[in-house]
Amino acid sequence: MLFFVARRLLYLVPVLIAVSVLTFVIASLLPGDLAYVILGDQATPENVAALRHDMGLDLPIWQRYFGWLWQILQGDFGRSFRTGQTVLQAVGERVPVSFELMLFAELIGLAIGVPLAIACAAKAGSAFDRLMTGSAFGMLSVPTFLSAILLIYLFAVELRWLPATGYVPFTEDPVANLRFMVLPALTLALAEWPGIMRVLRSDMIAALQEDYIALAKAKGLKPSRILFVHALKPSSLTLVTITGINIGRLIGGTVIVETIFALPGIGRLLVGAIYTRDLIILQGVVLLVAAGFVIMNFIVDMLYAVLDPRIRHGHA
Amino acid sequence: MSGALLSVEDVAVDLPTPRGNLRAVDHVDLVVGAGKTLGIVGESGCGKTMLSRAILQLLPKKAKLSGRVMFDGQDLPALSAEKLRKLRGRSLAVVFQDPMTSLNPVLTIGTQLTETMQEHLELDLANARQRAIELLAAVGIPAPEQRLSQYPHQLSGGMRQRVAIAVALSCEPKLLIADEPTTALDVTIQAQILDLLAREQQRRHMAMIIITHDLGVVAGRTDEVAVMYAGRVVERAPTPSLFKQMRMPYTEALLAALPKLDAAPHTPLPAISGRPPDPTRPLKGCSFSPRCRYSAGRCGTEKPHLSAAEAPDHLYACFHPIAAGANA
């Protein structure tokens, strides 16, 4: 097991290097010279040339990349030339918002998707199953901006149960924080549960056809044990994969939902950096988000091994 | 018959297929007495596995079952799901053909063994584990205590089948159905598994049904043999009298198709020519007649009934049985 973890950790190194190269190259390819952005359109060519030299922008791209990488390895992701904030400060401020949103959205999505999937698989082909599969398909095609607006209309405007927009840190006022989080998390969850439900449903239907389920029935086990222990565990691998991908995606924030609900998360930080051509922030945030995604995938790999002993022992 | 543990009465199984109705089991009658062993023999597709699933009430959802399956005084198809559940695993146990797929890959051997005992015998986990270790030792698994925390993929096929047998034996069932228990295993393991089943059966005084395509498997190990062909029982007799004097040409052909160790090298195996009839297109006459070398006259137009002639317990369905003494 230790060997398995070490090997998977080793795989992360080339992936993270590739991610850093891509991030750097993409940021460098963006039109507009950073020195012009900083100095404004009144700058003289001499000033620009001097600043370019000071910032090392006149060096070849590979030298700039290694310089950047060296700084990052020392924990210095750079500093915004606009706000003076370091990348780590900016991300550190925003991550709790996006993380909380992601956590709630996934929990709600799983709470809706998993029980429905099990119920549908147990009664595959029934009217209930067809209704739920159809609704999931319908929900999958509703864009988040639409469901966000409908939820705001229903819960904030008509019923007046929840605030429409805004954010209070959890540490300041937990209740207000949760009230602000419900609608955005629900919006995301409405897009998450259909995928969760459809994947788990089809995996469970396949598992229920297996010989070992016939044997579990022949052993006289309770139907609930057959469903939740004998069928659910071997069916949960794909579920873990898509949950991991969802979480990885949501760590990077969700531009639309954060914008609609005015949440100061990573998504809005990124969009702001793009609008203001804050390349240092952009570069640093993209790298951190990508690293978060890669590490999430590593955690998913570890969960596979926990769920399926054959992967743990290197048989699959 | 009194004292019967299991009696299968006029059981038929129909499966709807895109090509029409498929009669997998065609009005079968069988009896197994307490502590006795019945062998069901037939080639692939003859309905022997469907018959076992019909006894266990594990037929596919679409299948239609008719007739009665009386087990221990209760009609299984008429039982409620809950009553059936209390019976299955407790007094009616099964070992499936392929131990590679019949054990759950993500649960430990220990879990798969103890859950049945916890369910039916109301043992706590510690006692169930103790009994699981004893059972694994009884079925010939070395280092049984360590096996409990292992998963099926860490065991060989033969070992897995031993685990499956231990699971089946765990609640001291009255009847064990072994559905081709050795077909998926190496030849060298087959005899060991069959001997293990026979030994445990005698020790526990349980009844057993061995389903196989191999007449050699049932020869020394059963009290009675039923030969199935195209969904029907075509010959049924106590094992010694069947092997002393088989009457149905199909049984004879099945025996002739067994490879013999003392045959000269390169001797062609006398396979049964042709193929079994299409079960969605039932024949008017004897199902075996198109492949039978004795077929003549009414064989193609009239179905022979399973009935006794000389000996009351030797039944066969044939108009032209092999003459007495011909294959003694």
# chains A, B, ... in the order shown; residues from 1 in each chain; ligands from 1

call {"tool": "residues_around", "arguments": {"residues": "region 221-236 of chain B", "least_positions_apart": "4", "cutoff": "9 Å", "atoms": "only C-alpha atoms", "output": "PyMOL selection string"}}
result
chain B and resi 12-13+23-30+32+36-43+45-48+50-51+194-195+198+208-210+217+240+242+246-248+250-251+276-279+287-288+305-307+313-318

call {"tool": "write_last_selection", "arguments": {"atoms": "N, CA and C atoms", "output": "compact mmCIF listing (two decimals), in the first residue's frame"}}
result
# COMPACT_ATOMS: atom_id res chain seq x y z
N ALA B 12 -42.24 -26.57 -15.09
CA ALA B 12 -41.88 -26.08 -16.42
C ALA B 12 -41.43 -24.63 -16.28
N VAL B 13 -40.42 -24.26 -17.05
CA VAL B 13 -39.93 -22.88 -17.06
C VAL B 13 -39.98 -22.37 -18.49
N ARG B 23 -39.01 -22.87 -24.05
CA ARG B 23 -39.31 -23.74 -22.92
C ARG B 23 -38.00 -24.36 -22.43
N ALA B 24 -37.47 -23.79 -21.34
CA ALA B 24 -36.16 -24.22 -20.84
C ALA B 24 -36.27 -25.51 -20.04
N VAL B 25 -37.35 -25.65 -19.29
CA VAL B 25 -37.57 -26.86 -18.51
C VAL B 25 -38.99 -27.33 -18.85
N ASP B 26 -39.10 -28.61 -19.24
CA ASP B 26 -40.35 -29.10 -19.80
C ASP B 26 -40.94 -30.20 -18.91
N HIS B 27 -41.79 -29.79 -17.98
CA HIS B 27 -42.52 -30.72 -17.11
C HIS B 27 -41.62 -31.79 -16.51
N VAL B 28 -40.82 -31.34 -15.55
CA VAL B 28 -39.87 -32.24 -14.90
C VAL B 28 -40.40 -32.65 -13.53
N ASP B 29 -40.25 -33.94 -13.22
CA ASP B 29 -40.55 -34.45 -11.88
C ASP B 29 -39.28 -35.05 -11.29
N LEU B 30 -38.96 -34.64 -10.08
CA LEU B 30 -37.78 -35.20 -9.42
C LEU B 30 -38.06 -35.30 -7.92
N VAL B 32 -35.84 -35.86 -4.16
CA VAL B 32 -34.59 -36.08 -3.43
C VAL B 32 -34.94 -36.34 -1.98
N LYS B 36 -29.84 -37.83 0.70
CA LYS B 36 -29.52 -38.53 -0.55
C LYS B 36 -28.85 -37.59 -1.56
N THR B 37 -28.24 -38.18 -2.56
CA THR B 37 -27.60 -37.38 -3.60
C THR B 37 -28.22 -37.69 -4.95
N LEU B 38 -28.60 -36.63 -5.64
CA LEU B 38 -29.14 -36.77 -6.99
C LEU B 38 -28.17 -36.11 -7.96
N GLY B 39 -27.86 -36.82 -9.05
CA GLY B 39 -27.06 -36.19 -10.09
C GLY B 39 -27.96 -35.81 -11.25
N ILE B 40 -27.81 -34.58 -11.74
CA ILE B 40 -28.54 -34.18 -12.94
C ILE B 40 -27.51 -33.99 -14.04
N VAL B 41 -27.65 -34.77 -15.12
CA VAL B 41 -26.64 -34.78 -16.16
C VAL B 41 -27.26 -34.37 -17.48
N GLY B 42 -26.51 -33.60 -18.24
CA GLY B 42 -26.99 -33.23 -19.57
C GLY B 42 -26.00 -32.27 -20.20
N GLU B 43 -26.12 -32.09 -21.52
CA GLU B 43 -25.17 -31.19 -22.18
C GLU B 43 -25.61 -29.74 -22.00
N GLY B 45 -27.20 -26.27 -22.24
CA GLY B 45 -28.47 -25.83 -22.80
C GLY B 45 -29.60 -26.82 -22.62
N CYS B 46 -29.38 -27.90 -21.86
CA CYS B 46 -30.45 -28.89 -21.72
C CYS B 46 -31.45 -28.47 -20.65
N GLY B 47 -31.18 -27.37 -19.94
CA GLY B 47 -32.13 -26.89 -18.94
C GLY B 47 -31.76 -27.26 -17.52
N LYS B 48 -30.60 -27.87 -17.32
CA LYS B 48 -30.28 -28.32 -15.97
C LYS B 48 -30.02 -27.15 -15.02
N MET B 50 -31.26 -24.07 -15.45
CA MET B 50 -32.56 -23.41 -15.26
C MET B 50 -33.39 -24.16 -14.22
N LEU B 51 -33.29 -25.49 -14.24
CA LEU B 51 -34.03 -26.29 -13.27
C LEU B 51 -33.52 -25.97 -11.85
N LEU B 194 -14.87 -32.54 -5.57
CA LEU B 194 -15.97 -33.50 -5.51
C LEU B 194 -15.87 -34.38 -4.27
N ASP B 195 -14.64 -34.79 -3.94
CA ASP B 195 -14.45 -35.61 -2.74
C ASP B 195 -14.80 -34.81 -1.49
N ALA B 198 -18.53 -34.71 -1.19
CA ALA B 198 -19.05 -36.00 -0.75
C ALA B 198 -18.78 -36.21 0.73
N MET B 208 -27.99 -33.67 -1.46
CA MET B 208 -27.22 -32.87 -2.41
C MET B 208 -27.70 -33.14 -3.83
N ILE B 209 -27.72 -32.09 -4.62
CA ILE B 209 -27.97 -32.25 -6.06
C ILE B 209 -26.70 -31.81 -6.76
N ILE B 210 -26.09 -32.70 -7.53
CA ILE B 210 -24.92 -32.32 -8.31
C ILE B 210 -25.36 -32.18 -9.76
N VAL B 217 -18.62 -37.71 -13.31
CA VAL B 217 -18.70 -37.02 -12.02
C VAL B 217 -19.74 -37.69 -11.12
N PRO B 240 -26.42 -47.18 -9.58
CA PRO B 240 -25.86 -48.47 -10.00
C PRO B 240 -26.62 -49.10 -11.17
N LEU B 242 -28.39 -47.58 -13.39
CA LEU B 242 -28.22 -46.81 -14.62
C LEU B 242 -26.94 -47.22 -15.32
N MET B 246 -28.06 -48.98 -19.05
CA MET B 246 -28.73 -47.75 -19.47
C MET B 246 -29.66 -48.06 -20.64
N ARG B 247 -30.85 -47.47 -20.62
CA ARG B 247 -31.86 -47.81 -21.61
C ARG B 247 -32.00 -46.74 -22.67
N MET B 248 -31.81 -45.49 -22.31
CA MET B 248 -32.04 -44.40 -23.23
C MET B 248 -30.81 -44.21 -24.12
N TYR B 250 -29.67 -41.72 -25.56
CA TYR B 250 -28.94 -40.48 -25.29
C TYR B 250 -27.93 -40.68 -24.15
N THR B 251 -28.36 -41.39 -23.11
CA THR B 251 -27.46 -41.65 -21.99
C THR B 251 -26.24 -42.43 -22.47
N PRO B 276 -28.49 -30.12 -30.33
CA PRO B 276 -29.80 -30.22 -29.68
C PRO B 276 -30.82 -29.38 -30.45
N PRO B 277 -32.09 -29.74 -30.35
CA PRO B 277 -33.10 -28.99 -31.09
C PRO B 277 -33.24 -27.57 -30.56
N ASP B 278 -33.69 -26.68 -31.41
CA ASP B 278 -33.94 -25.29 -31.04
C ASP B 278 -35.08 -25.25 -30.01
N PRO B 279 -34.80 -24.78 -28.78
CA PRO B 279 -35.84 -24.85 -27.74
C PRO B 279 -37.03 -23.91 -27.99
N SER B 287 -37.36 -35.57 -28.77
CA SER B 287 -36.42 -34.50 -29.07
C SER B 287 -35.07 -35.02 -29.55
N PHE B 288 -34.73 -36.22 -29.12
CA PHE B 288 -33.42 -36.76 -29.47
C PHE B 288 -33.44 -37.50 -30.81
N HIS B 305 -43.20 -41.15 -23.27
CA HIS B 305 -43.34 -40.71 -21.88
C HIS B 305 -42.27 -41.33 -21.01
N LEU B 306 -41.96 -40.60 -19.94
CA LEU B 306 -41.00 -41.13 -18.98
C LEU B 306 -41.73 -42.18 -18.15
N SER B 307 -41.36 -43.46 -18.32
CA SER B 307 -42.08 -44.48 -17.57
C SER B 307 -41.16 -45.65 -17.26
N ASP B 313 -38.02 -48.50 -10.39
CA ASP B 313 -37.34 -47.24 -10.14
C ASP B 313 -36.45 -46.80 -11.30
N HIS B 314 -36.50 -47.52 -12.40
CA HIS B 314 -35.71 -47.13 -13.56
C HIS B 314 -36.65 -46.61 -14.65
N LEU B 315 -36.69 -45.29 -14.79
CA LEU B 315 -37.60 -44.70 -15.76
C LEU B 315 -36.83 -44.23 -16.98
N TYR B 316 -37.44 -44.34 -18.14
CA TYR B 316 -36.81 -43.78 -19.33
C TYR B 316 -37.89 -43.42 -20.33
N ALA B 317 -37.56 -42.49 -21.21
CA ALA B 317 -38.52 -42.03 -22.21
C ALA B 317 -37.99 -42.43 -23.58
N CYS B 318 -38.33 -43.65 -24.03
CA CYS B 318 -37.81 -44.12 -25.31
C CYS B 318 -38.70 -45.23 -25.86

call {"tool": "interface_residues", "arguments": {"of": "chain B", "to": "chain A", "cutoff": "8 Å", "atoms": "only C-alpha atoms", "output": "list in words"}}
result
Leu56, Leu58, Leu84, Arg85, Lys86, Leu87, Arg88, Gly89, Arg90, Ala93, Val94, Phe96, Thr101, Ser102, Leu103, Asn104, Pro105, Val106, Leu107, Glu115, Thr116, Glu119, Tyr151, His153 and Ala168 of chain B

call {"tool": "write_last_selection", "arguments": {"atoms": "N, CA and C atoms", "output": "PDB file, in the first residue's frame"}}
result
ATOM      1  N   LEU B  56     -34.269 -22.963  -6.639  1.00  0.00           N
ATOM      2  CA  LEU B  56     -33.799 -21.911  -5.730  1.00  0.00           C
ATOM      3  C   LEU B  56     -34.653 -20.653  -5.806  1.00  0.00           C
ATOM      4  N   LEU B  58     -34.497 -18.511  -8.199  1.00  0.00           N
ATOM      5  CA  LEU B  58     -33.580 -17.470  -8.665  1.00  0.00           C
ATOM      6  C   LEU B  58     -33.672 -17.325 -10.182  1.00  0.00           C
ATOM      7  N   LEU B  84     -39.050 -17.086   2.121  1.00  0.00           N
ATOM      8  CA  LEU B  84     -38.074 -17.698   1.225  1.00  0.00           C
ATOM      9  C   LEU B  84     -36.661 -17.309   1.645  1.00  0.00           C
ATOM     10  N   ARG B  85     -36.503 -16.045   2.022  1.00  0.00           N
ATOM     11  CA  ARG B  85     -35.200 -15.531   2.430  1.00  0.00           C
ATOM     12  C   ARG B  85     -34.691 -16.269   3.676  1.00  0.00           C
ATOM     13  N   LYS B  86     -35.608 -16.575   4.592  1.00  0.00           N
ATOM     14  CA  LYS B  86     -35.223 -17.276   5.819  1.00  0.00           C
ATOM     15  C   LYS B  86     -34.796 -18.714   5.522  1.00  0.00           C
ATOM     16  N   LEU B  87     -35.289 -19.232   4.399  1.00  0.00           N
ATOM     17  CA  LEU B  87     -34.989 -20.611   4.025  1.00  0.00           C
ATOM     18  C   LEU B  87     -33.671 -20.695   3.262  1.00  0.00           C
ATOM     19  N   ARG B  88     -33.483 -19.736   2.357  1.00  0.00           N
ATOM     20  CA  ARG B  88     -32.291 -19.740   1.514  1.00  0.00           C
ATOM     21  C   ARG B  88     -31.060 -19.420   2.343  1.00  0.00           C
ATOM     22  N   GLY B  89     -30.009 -20.178   2.126  1.00  0.00           N
ATOM     23  CA  GLY B  89     -28.798 -19.974   2.892  1.00  0.00           C
ATOM     24  C   GLY B  89     -28.862 -20.718   4.215  1.00  0.00           C
ATOM     25  N   ARG B  90     -30.088 -20.926   4.753  1.00  0.00           N
ATOM     26  CA  ARG B  90     -30.253 -21.620   6.018  1.00  0.00           C
ATOM     27  C   ARG B  90     -30.389 -23.122   5.773  1.00  0.00           C
ATOM     28  N   ALA B  93     -28.984 -24.424   0.266  1.00  0.00           N
ATOM     29  CA  ALA B  93     -27.760 -23.690  -0.086  1.00  0.00           C
ATOM     30  C   ALA B  93     -27.309 -24.067  -1.482  1.00  0.00           C
ATOM     31  N   VAL B  94     -26.444 -23.248  -2.059  1.00  0.00           N
ATOM     32  CA  VAL B  94     -26.028 -23.489  -3.436  1.00  0.00           C
ATOM     33  C   VAL B  94     -24.545 -23.155  -3.601  1.00  0.00           C
ATOM     34  N   PHE B  96     -22.234 -22.203  -6.929  1.00  0.00           N
ATOM     35  CA  PHE B  96     -22.331 -21.929  -8.354  1.00  0.00           C
ATOM     36  C   PHE B  96     -21.129 -22.465  -9.101  1.00  0.00           C
ATOM     37  N   THR B 101     -16.602 -15.552 -10.331  1.00  0.00           N
ATOM     38  CA  THR B 101     -17.625 -14.505 -10.376  1.00  0.00           C
ATOM     39  C   THR B 101     -18.646 -14.630  -9.249  1.00  0.00           C
ATOM     40  N   SER B 102     -18.648 -15.751  -8.528  1.00  0.00           N
ATOM     41  CA  SER B 102     -19.726 -15.925  -7.555  1.00  0.00           C
ATOM     42  C   SER B 102     -19.384 -15.339  -6.189  1.00  0.00           C
ATOM     43  N   LEU B 103     -18.113 -14.968  -5.981  1.00  0.00           N
ATOM     44  CA  LEU B 103     -17.768 -14.287  -4.726  1.00  0.00           C
ATOM     45  C   LEU B 103     -17.647 -12.795  -5.012  1.00  0.00           C
ATOM     46  N   ASN B 104     -18.089 -11.987  -4.072  1.00  0.00           N
ATOM     47  CA  ASN B 104     -18.040 -10.539  -4.272  1.00  0.00           C
ATOM     48  C   ASN B 104     -16.592 -10.054  -4.204  1.00  0.00           C
ATOM     49  N   PRO B 105     -16.115  -9.379  -5.286  1.00  0.00           N
ATOM     50  CA  PRO B 105     -14.695  -9.026  -5.352  1.00  0.00           C
ATOM     51  C   PRO B 105     -14.258  -7.980  -4.333  1.00  0.00           C
ATOM     52  N   VAL B 106     -15.183  -7.203  -3.784  1.00  0.00           N
ATOM     53  CA  VAL B 106     -14.766  -6.110  -2.904  1.00  0.00           C
ATOM     54  C   VAL B 106     -15.058  -6.396  -1.425  1.00  0.00           C
ATOM     55  N   LEU B 107     -15.506  -7.608  -1.111  1.00  0.00           N
ATOM     56  CA  LEU B 107     -15.738  -7.953   0.295  1.00  0.00           C
ATOM     57  C   LEU B 107     -14.754  -9.057   0.697  1.00  0.00           C
ATOM     58  N   GLU B 115     -21.456 -13.246   7.230  1.00  0.00           N
ATOM     59  CA  GLU B 115     -22.738 -12.564   7.091  1.00  0.00           C
ATOM     60  C   GLU B 115     -23.906 -13.554   7.052  1.00  0.00           C
ATOM     61  N   THR B 116     -23.691 -14.704   6.407  1.00  0.00           N
ATOM     62  CA  THR B 116     -24.766 -15.699   6.344  1.00  0.00           C
ATOM     63  C   THR B 116     -25.092 -16.236   7.741  1.00  0.00           C
ATOM     64  N   GLU B 119     -26.813 -13.740   9.823  1.00  0.00           N
ATOM     65  CA  GLU B 119     -28.190 -13.561   9.380  1.00  0.00           C
ATOM     66  C   GLU B 119     -29.081 -14.686   9.914  1.00  0.00           C
ATOM     67  N   TYR B 151      -9.111 -11.080   0.168  1.00  0.00           N
ATOM     68  CA  TYR B 151     -10.166 -10.888  -0.820  1.00  0.00           C
ATOM     69  C   TYR B 151     -10.119 -12.038  -1.828  1.00  0.00           C
ATOM     70  N   HIS B 153      -9.704 -12.276  -4.965  1.00  0.00           N
ATOM     71  CA  HIS B 153      -8.684 -12.315  -6.018  1.00  0.00           C
ATOM     72  C   HIS B 153      -7.330 -12.777  -5.497  1.00  0.00           C
ATOM     73  N   ALA B 168     -21.639 -22.166   1.635  1.00  0.00           N
ATOM     74  CA  ALA B 168     -22.859 -22.957   1.482  1.00  0.00           C
ATOM     75  C   ALA B 168     -23.096 -23.850   2.705  1.00  0.00           C
TER      76      ALA B 168
END

call {"tool": "closest_residue", "arguments": {"among": "A:Pro115, A:Pro96, A:Pro14, A:Pro31", "to": "Trp193 (chain A)", "atoms": "only C-alpha atoms"}}
result
A:Pro115

call {"tool": "residues_around", "arguments": {"residues": "Asn21 (chain B)", "least_positions_apart": "5", "cutoff": "12 Å", "atoms": "only C-alpha atoms", "output": "list in words"}}
result
Val13, Asp14, Leu15, Pro16, Lys62, Ala63, Lys64, Asp278, Pro279, Thr280, Arg281 and Pro282 of chain B

call {"tool": "write_last_selection", "arguments": {"atoms": "N, CA and C atoms", "output": "JSON list (two decimals), in the first residue's frame"}}
result
[["chain", "number", "residue", "atom", "x", "y", "z"],
["B", 13, "VAL", "N", -40.42, -24.26, -17.05],
["B", 13, "VAL", "CA", -39.93, -22.88, -17.06],
["B", 13, "VAL", "C", -39.98, -22.37, -18.49],
["B", 14, "ASP", "N", -40.66, -21.24, -18.67],
["B", 14, "ASP", "CA", -40.73, -20.61, -19.99],
["B", 14, "ASP", "C", -40.03, -19.28, -19.96],
["B", 15, "LEU", "N", -39.21, -19.04, -20.98],
["B", 15, "LEU", "CA", -38.52, -17.75, -21.09],
["B", 15, "LEU", "C", -38.97, -17.07, -22.37],
["B", 16, "PRO", "N", -39.49, -15.84, -22.26],
["B", 16, "PRO", "CA", -39.83, -15.13, -23.49],
["B", 16, "PRO", "C", -38.55, -14.65, -24.18],
["B", 62, "LYS", "N", -38.14, -12.35, -16.04],
["B", 62, "LYS", "CA", -39.15, -12.56, -17.09],
["B", 62, "LYS", "C", -39.60, -14.01, -17.18],
["B", 63, "ALA", "N", -38.85, -14.92, -16.54],
["B", 63, "ALA", "CA", -39.16, -16.34, -16.68],
["B", 63, "ALA", "C", -40.49, -16.69, -15.99],
["B", 64, "LYS", "N", -41.21, -17.63, -16.59],
["B", 64, "LYS", "CA", -42.47, -18.08, -16.00],
["B", 64, "LYS", "C", -42.29, -19.51, -15.50],
["B", 278, "ASP", "N", -33.69, -26.68, -31.41],
["B", 278, "ASP", "CA", -33.94, -25.29, -31.04],
["B", 278, "ASP", "C", -35.08, -25.25, -30.01],
["B", 279, "PRO", "N", -34.80, -24.78, -28.78],
["B", 279, "PRO", "CA", -35.84, -24.85, -27.74],
["B", 279, "PRO", "C", -37.03, -23.91, -27.99],
["B", 280, "THR", "N", -36.89, -23.00, -28.96],
["B", 280, "THR", "CA", -38.06, -22.17, -29.27],
["B", 280, "THR", "C", -38.93, -22.84, -30.33],
["B", 281, "ARG", "N", -38.45, -23.96, -30.91],
["B", 281, "ARG", "CA", -39.21, -24.68, -31.95],
["B", 281, "ARG", "C", -39.34, -26.14, -31.52],
["B", 282, "PRO", "N", -40.26, -26.42, -30.60],
["B", 282, "PRO", "CA", -40.33, -27.79, -30.08],
["B", 282, "PRO", "C", -40.65, -28.80, -31.19]]

call {"tool": "closest_residue", "arguments": {"among": "A:Ala189, A:Leu151, A:Leu279, A:Ile17", "to": "Ile72 (chain A)", "atoms": "only C-alpha atoms"}}
result
A:Ile17

call {"tool": "residues_around", "arguments": {"residues": "Glu192 (chain A)", "least_positions_apart": "6", "cutoff": "12 Å", "atoms": "only C-alpha atoms", "output": "ChimeraX atom specification"}}
result
/A:102,104-114,136-137,139-144,185-186,198-199,239,242-247,249-250

call {"tool": "atom_distance", "arguments": {"atom1": "CA of Ile299 (chain A)", "atom2": "CA of Ile256 (chain A)"}}
result
26.9 Å

call {"tool": "select_by_dssp", "arguments": {"residues": "region 11-230 of chain B", "states": "helix (DSSP H, G or I)", "output": "PyMOL selection string"}}
result
chain B and resi 48-56+76-78+81-87+99-102+109-120+125-138+144-147+152-154+157-169+187-204+215-219

call {"tool": "atom_distance", "arguments": {"atom1": "CA of Thr276 (chain A)", "atom2": "CA of Tyr36 (chain A)"}}
result
12.6 Å

call {"tool": "atom_distance", "arguments": {"atom1": "CA of Gln112 (chain B)", "atom2": "CA of Met206 (chain B)"}}
result
21.9 Å

call {"tool": "residues_around", "arguments": {"residues": "Val31 (chain B)", "least_positions_apart": "3", "cutoff": "9 Å", "atoms": "only C-alpha atoms", "output": "PyMOL selection string"}}
result
chain B and resi 1+4-9+38

call {"tool": "write_last_selection", "arguments": {"atoms": "C-alpha atoms", "output": "compact mmCIF listing (two decimals), in the first residue's frame"}}
result
# COMPACT_ATOMS: atom_id res chain seq x y z
CA MET B 1 -43.24 -40.52 -1.87
CA ALA B 4 -38.86 -36.72 0.42
CA LEU B 5 -36.96 -33.55 1.30
CA LEU B 6 -37.39 -31.99 -2.12
CA SER B 7 -39.95 -32.93 -4.68
CA VAL B 8 -40.12 -31.16 -7.99
CA GLU B 9 -43.58 -31.73 -9.42
CA LEU B 38 -29.14 -36.77 -6.99

call {"tool": "residues_around", "arguments": {"residues": "Arg179 (chain A)", "least_positions_apart": "2", "cutoff": "12 Å", "atoms": "only C-alpha atoms", "output": "number ranges by chain"}}
result
A: 101, 104, 155-156, 160-170, 173-177, 181-186, 261
